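Everything below concerns the one structure shown next.
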Amino acid sequence: MRGFRFRMISNQLARVVFLSASLFGLLVLGVLLYRVIEQGMGWLSADFLTGRLSTQPEKAGIKGAILGTLWLMAVVIPLTTMVGVGTAIYLEMYAKKGKLRGLIQTNISNLAGVPSIVYGILGMTVFVRALDFGNIVLAGGLTMSLLVLPIVIVSSQEALRAIPGYLGEASYGLGATKWQTIRSVLLPVALPSILTGSILALSRAIGETAPLVVIGIPALLLPIPMSIFDKFTVLPMQIYYWTIDSSLLAEYANLAAATIIVLLTILFLLNASAIVIRNKFEQRF
């Protein structure tokens with residue numbers, strides 16, 4: 001009886017502690033969002049969204065940063081999806097169990113925990129210097145793809161492992177080949193979970209700053225990027241530099257807050273569209 005009472009008290013205590021931790025996190029997030037919206041909402045305007053970068057806060061705009069962010073995602077999304085899902089299919093469906101597969105799997109799991117600045121150093125060494133791309137959209141996109149690729153691979157593997165085995169066996173029983181089974185049976189069933197992992201990966205990619213700082217992406221007075229071969233800046237970089245410059249001029253803090261609102265809006269729209277697509281596939285299959 002005493003042990004049961006102790007377990008009940010421990011359970012209630014744990015519930016209170018975890019609930020308090022969750023509420024504290026939500027409180028901090030709410031205060032942060034309130035501060036950002038209050039500080040930056042008054043600076044949002046059509047001129048701010050469509051104007052060019054400027055050293056004068058009242059004339060500054062983020063059109064180049066918005067287009068740079070979208071161009072960066074235009075490189076990251078297809079590259080990460082194709083390579084990540086393809087790697088997961090190979091490891092789960094084709095690679096034989098053994099030391100080589102174990103080594104690859106271990107390295108992928110370890111890469112998921114590597115600090116983002118290390119990927120920036122890798123991108124600077126390989127894409128910016130060795131391949132002589134310079135600090136263009138393509139170099140930044142390849143660097144960010146390396147950063148989020150382990151997340152997509154691991155989530156895609158988990159999605160494939162969660163598929164009931166009888167689906168594949170039924171397909172083989174009807175005479176389908178392995179690739180036909182993967183393409184027509186397994187991938188459609190796993191697609192909602194794969195999209196969920198891709199959403200998380202892209203959410204990280206769109207908000208990262210450290211790798212772009214390392215490869216030398218500038219922030220001020222750049223021409224508008226028109227292709228993946230142009231120099232660019234992105235919204236997180238602009239927020240980073242304006243936050244630093246706020247120590248010199250207070251208006252830069254307001255510009256940074258307004259840019260945060262725009263970045264959160266773009267991130268919300270991307271996530272919402274991906275969730276809608278995922279839900280459609282879940283209803284279909």
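To be explicit about the labels: the chains of the structure tokens are called A, B, and onward in the order shown, and within each one the residues are counted from 1, while ligands get numbers from 1 in the order they are shown.
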If we count only C-alpha atoms and set the cut-off at 9 Å, which residues sit around Pro225 (chain A), ignoring sequence neighbours fewer than 3 positions away in its own chain? Please answer as a PDB file with all heavy atoms, in the first residue's frame.
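Saved as result-v7.pdb:
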```
ATOM      1  N   GLY A  64      15.211  41.615 -51.968  1.00  0.00           N
ATOM      2  CA  GLY A  64      16.337  40.745 -52.318  1.00  0.00           C
ATOM      3  C   GLY A  64      16.480  39.579 -51.362  1.00  0.00           C
ATOM      4  O   GLY A  64      16.782  38.451 -51.791  1.00  0.00           O
ATOM      5  N   ALA A  65      16.253  39.820 -50.061  1.00  0.00           N
ATOM      6  CA  ALA A  65      16.367  38.739 -49.076  1.00  0.00           C
ATOM      7  C   ALA A  65      15.252  37.712 -49.250  1.00  0.00           C
ATOM      8  O   ALA A  65      15.481  36.504 -49.099  1.00  0.00           O
ATOM      9  CB  ALA A  65      16.345  39.322 -47.663  1.00  0.00           C
ATOM     10  N   LEU A  67      13.615  36.995 -52.124  1.00  0.00           N
ATOM     11  CA  LEU A  67      13.907  36.228 -53.331  1.00  0.00           C
ATOM     12  C   LEU A  67      15.103  35.305 -53.117  1.00  0.00           C
ATOM     13  O   LEU A  67      15.121  34.178 -53.618  1.00  0.00           O
ATOM     14  CB  LEU A  67      14.181  37.180 -54.503  1.00  0.00           C
ATOM     15  CG  LEU A  67      12.972  37.965 -55.014  1.00  0.00           C
ATOM     16  CD1 LEU A  67      13.386  38.911 -56.136  1.00  0.00           C
ATOM     17  CD2 LEU A  67      11.889  37.021 -55.502  1.00  0.00           C
ATOM     18  N   GLY A  68      16.093  35.760 -52.357  1.00  0.00           N
ATOM     19  CA  GLY A  68      17.236  34.902 -52.062  1.00  0.00           C
ATOM     20  C   GLY A  68      16.835  33.673 -51.264  1.00  0.00           C
ATOM     21  O   GLY A  68      17.316  32.566 -51.521  1.00  0.00           O
ATOM     22  N   TRP A  71      14.988  31.342 -53.712  1.00  0.00           N
ATOM     23  CA  TRP A  71      15.946  30.691 -54.605  1.00  0.00           C
ATOM     24  C   TRP A  71      16.726  29.607 -53.865  1.00  0.00           C
ATOM     25  O   TRP A  71      17.006  28.531 -54.424  1.00  0.00           O
ATOM     26  CB  TRP A  71      16.911  31.717 -55.199  1.00  0.00           C
ATOM     27  CG  TRP A  71      16.418  32.428 -56.407  1.00  0.00           C
ATOM     28  CD1 TRP A  71      16.159  33.763 -56.537  1.00  0.00           C
ATOM     29  CD2 TRP A  71      16.113  31.851 -57.680  1.00  0.00           C
ATOM     30  NE1 TRP A  71      15.715  34.046 -57.795  1.00  0.00           N
ATOM     31  CE2 TRP A  71      15.686  32.892 -58.530  1.00  0.00           C
ATOM     32  CE3 TRP A  71      16.166  30.554 -58.190  1.00  0.00           C
ATOM     33  CZ2 TRP A  71      15.311  32.678 -59.862  1.00  0.00           C
ATOM     34  CZ3 TRP A  71      15.798  30.337 -59.511  1.00  0.00           C
ATOM     35  CH2 TRP A  71      15.378  31.371 -60.330  1.00  0.00           C
ATOM     36  N   VAL A 137      23.920  31.428 -54.974  1.00  0.00           N
ATOM     37  CA  VAL A 137      22.784  30.653 -54.473  1.00  0.00           C
ATOM     38  C   VAL A 137      23.081  29.164 -54.519  1.00  0.00           C
ATOM     39  O   VAL A 137      22.756  28.412 -53.579  1.00  0.00           O
ATOM     40  CB  VAL A 137      21.517  30.973 -55.290  1.00  0.00           C
ATOM     41  CG1 VAL A 137      20.368  30.062 -54.861  1.00  0.00           C
ATOM     42  CG2 VAL A 137      21.124  32.426 -55.122  1.00  0.00           C
ATOM     43  N   LEU A 222      22.978  44.472 -52.095  1.00  0.00           N
ATOM     44  CA  LEU A 222      23.201  43.484 -53.143  1.00  0.00           C
ATOM     45  C   LEU A 222      22.157  43.639 -54.235  1.00  0.00           C
ATOM     46  O   LEU A 222      21.018  44.029 -53.970  1.00  0.00           O
ATOM     47  CB  LEU A 222      23.105  42.070 -52.572  1.00  0.00           C
ATOM     48  CG  LEU A 222      24.304  41.600 -51.755  1.00  0.00           C
ATOM     49  CD1 LEU A 222      23.978  40.274 -51.110  1.00  0.00           C
ATOM     50  CD2 LEU A 222      25.524  41.447 -52.627  1.00  0.00           C
ATOM     51  N   ILE A 228      20.091  30.842 -59.783  1.00  0.00           N
ATOM     52  CA  ILE A 228      20.885  30.176 -58.757  1.00  0.00           C
ATOM     53  C   ILE A 228      22.371  30.475 -58.891  1.00  0.00           C
ATOM     54  O   ILE A 228      23.171  30.037 -58.055  1.00  0.00           O
ATOM     55  CB  ILE A 228      20.656  28.655 -58.788  1.00  0.00           C
ATOM     56  CG1 ILE A 228      21.097  28.071 -60.135  1.00  0.00           C
ATOM     57  CG2 ILE A 228      19.215  28.324 -58.496  1.00  0.00           C
ATOM     58  CD1 ILE A 228      21.045  26.554 -60.182  1.00  0.00           C
ATOM     59  N   PHE A 229      22.756  31.219 -59.903  1.00  0.00           N
ATOM     60  CA  PHE A 229      24.159  31.556 -60.117  1.00  0.00           C
ATOM     61  C   PHE A 229      24.477  32.994 -59.711  1.00  0.00           C
ATOM     62  O   PHE A 229      25.574  33.487 -59.977  1.00  0.00           O
ATOM     63  CB  PHE A 229      24.547  31.332 -61.586  1.00  0.00           C
ATOM     64  CG  PHE A 229      24.327  29.925 -62.058  1.00  0.00           C
ATOM     65  CD1 PHE A 229      23.254  29.626 -62.878  1.00  0.00           C
ATOM     66  CD2 PHE A 229      25.178  28.899 -61.661  1.00  0.00           C
ATOM     67  CE1 PHE A 229      23.034  28.324 -63.312  1.00  0.00           C
ATOM     68  CE2 PHE A 229      24.962  27.600 -62.077  1.00  0.00           C
ATOM     69  CZ  PHE A 229      23.885  27.311 -62.909  1.00  0.00           C
ATOM     70  N   ASP A 230      23.531  33.662 -59.070  1.00  0.00           N
ATOM     71  CA  ASP A 230      23.735  35.033 -58.609  1.00  0.00           C
ATOM     72  C   ASP A 230      24.095  35.051 -57.128  1.00  0.00           C
ATOM     73  O   ASP A 230      23.761  34.137 -56.383  1.00  0.00           O
ATOM     74  CB  ASP A 230      22.462  35.859 -58.822  1.00  0.00           C
ATOM     75  CG  ASP A 230      22.149  36.063 -60.289  1.00  0.00           C
ATOM     76  OD1 ASP A 230      23.083  35.955 -61.109  1.00  0.00           O
ATOM     77  OD2 ASP A 230      20.972  36.317 -60.616  1.00  0.00           O
ATOM     78  N   LYS A 231      24.776  36.110 -56.731  1.00  0.00           N
ATOM     79  CA  LYS A 231      25.028  36.324 -55.313  1.00  0.00           C
ATOM     80  C   LYS A 231      23.709  36.706 -54.641  1.00  0.00           C
ATOM     81  O   LYS A 231      22.803  37.248 -55.267  1.00  0.00           O
ATOM     82  CB  LYS A 231      26.063  37.421 -55.111  1.00  0.00           C
ATOM     83  CG  LYS A 231      27.463  37.023 -55.572  1.00  0.00           C
ATOM     84  CD  LYS A 231      28.487  38.073 -55.193  1.00  0.00           C
ATOM     85  CE  LYS A 231      29.890  37.626 -55.586  1.00  0.00           C
ATOM     86  NZ  LYS A 231      30.912  38.615 -55.190  1.00  0.00           N
ATOM     87  N   PHE A 232      23.620  36.430 -53.362  1.00  0.00           N
ATOM     88  CA  PHE A 232      22.320  36.568 -52.702  1.00  0.00           C
ATOM     89  C   PHE A 232      22.498  36.802 -51.211  1.00  0.00           C
ATOM     90  O   PHE A 232      23.586  36.682 -50.656  1.00  0.00           O
ATOM     91  CB  PHE A 232      21.506  35.291 -52.916  1.00  0.00           C
ATOM     92  CG  PHE A 232      21.975  34.124 -52.077  1.00  0.00           C
ATOM     93  CD1 PHE A 232      21.193  33.630 -51.041  1.00  0.00           C
ATOM     94  CD2 PHE A 232      23.213  33.522 -52.292  1.00  0.00           C
ATOM     95  CE1 PHE A 232      21.616  32.562 -50.267  1.00  0.00           C
ATOM     96  CE2 PHE A 232      23.640  32.457 -51.533  1.00  0.00           C
ATOM     97  CZ  PHE A 232      22.836  31.972 -50.513  1.00  0.00           C
ATOM     98  N   THR A 233      21.395  37.141 -50.587  1.00  0.00           N
ATOM     99  CA  THR A 233      21.290  37.101 -49.137  1.00  0.00           C
ATOM    100  C   THR A 233      19.940  36.487 -48.797  1.00  0.00           C
ATOM    101  O   THR A 233      19.093  36.316 -49.667  1.00  0.00           O
ATOM    102  CB  THR A 233      21.421  38.497 -48.511  1.00  0.00           C
ATOM    103  OG1 THR A 233      21.525  38.367 -47.087  1.00  0.00           O
ATOM    104  CG2 THR A 233      20.230  39.377 -48.842  1.00  0.00           C
TER     105      THR A 233
END
```
Run DSSP on the backbone of this structure and report the residues of region 152-266 of chain A it assigns to alpha helix (DSSP H), as a PyMOL selection string. chain A and resi 152-161+165-173+178-181+187-207+210-214+235-245+251-266
Could you work out how far CA of Met93 (chain A) lies from CA of Leu186 (chain A), giving the answer in Å with one decimal? 10.5 Å
Point-to-point distance from CA of Pro236 (chain A) to CA of Leu146 (chain A), Å rounded to tenths: 18.2 Å
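Comparing the minimum interatomic distances between Met73 (chain A) and each of A:Pro150, A:Gly141, A:Pro188, A:Gly207, counting only C-alpha atoms, we find that A:Gly141 sits nearest.
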Could I get the residues of region 33-55 of chain A with an atom no further than 8 Å from an atom of region 252-264 of chain A, each paired with its nearest atom pair and that distance in Å to one decimal, using only C-alpha atoms, sorted by chain and residue number, as a Markdown table?
```
| residue | atom | partner | partner_atom | distance |
| --- | --- | --- | --- | --- |
| A:Val36 | CA | A:Ala257 | CA | 5.1 |
| A:Ile37 | CA | A:Ile261 | CA | 7.0 |
| A:Gln39 | CA | A:Asn254 | CA | 5.6 |
| A:Gly40 | CA | A:Ala258 | CA | 4.0 |
| A:Met41 | CA | A:Ala258 | CA | 6.1 |
| A:Trp43 | CA | A:Ala258 | CA | 6.1 |
| A:Leu44 | CA | A:Ala258 | CA | 6.0 |
```
Residues of the last selection are to be written out with N, CA, C and O atoms, as a short mmCIF file (atom, residue, chain, number, x, y, z; two decimals), in the first residue's frame.
```cif
data_model
loop_
_atom_site.label_atom_id
_atom_site.label_comp_id
_atom_site.auth_asym_id
_atom_site.auth_seq_id
_atom_site.Cartn_x
_atom_site.Cartn_y
_atom_site.Cartn_z
N VAL A 36 8.14 40.73 -30.71
CA VAL A 36 8.50 40.87 -32.13
C VAL A 36 7.37 41.56 -32.89
O VAL A 36 7.63 42.48 -33.69
N ILE A 37 6.13 41.12 -32.67
CA ILE A 37 5.00 41.72 -33.39
C ILE A 37 4.82 43.18 -33.01
O ILE A 37 4.58 44.04 -33.87
N GLN A 39 7.06 45.24 -31.96
CA GLN A 39 8.18 46.06 -32.41
C GLN A 39 8.25 46.18 -33.93
O GLN A 39 8.69 47.20 -34.45
N GLY A 40 7.82 45.14 -34.64
CA GLY A 40 8.03 45.14 -36.08
C GLY A 40 6.79 45.39 -36.92
O GLY A 40 6.92 45.68 -38.12
N MET A 41 5.59 45.27 -36.33
CA MET A 41 4.38 45.37 -37.14
C MET A 41 4.24 46.74 -37.79
O MET A 41 3.77 46.85 -38.93
N TRP A 43 6.47 48.56 -38.99
CA TRP A 43 7.43 48.76 -40.07
C TRP A 43 7.09 47.94 -41.31
O TRP A 43 7.75 48.09 -42.34
N LEU A 44 6.09 47.08 -41.21
CA LEU A 44 5.69 46.28 -42.38
C LEU A 44 4.86 47.14 -43.33
O LEU A 44 3.90 47.79 -42.93
#
```
From A:Met8, A:Val16, A:Ile244, A:Val75, residue lying nearest Met144 (chain A) [only C-alpha atoms]: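 Going through A:Met8, A:Val16, A:Ile244, A:Val75 one by one, the smallest distance to Met144 (chain A) is for A:Val75.
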Contacts of Ala210 (chain A) at 9 Å or less, counting only C-alpha atoms, minus same-chain residues fewer than 3 places along, as a list of chain:residue names?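 The residues that qualify are A:Ser116, A:Ile117, A:Val118, A:Tyr119, A:Gly120, A:Val213, A:Val214, A:Ile215, A:Met237.
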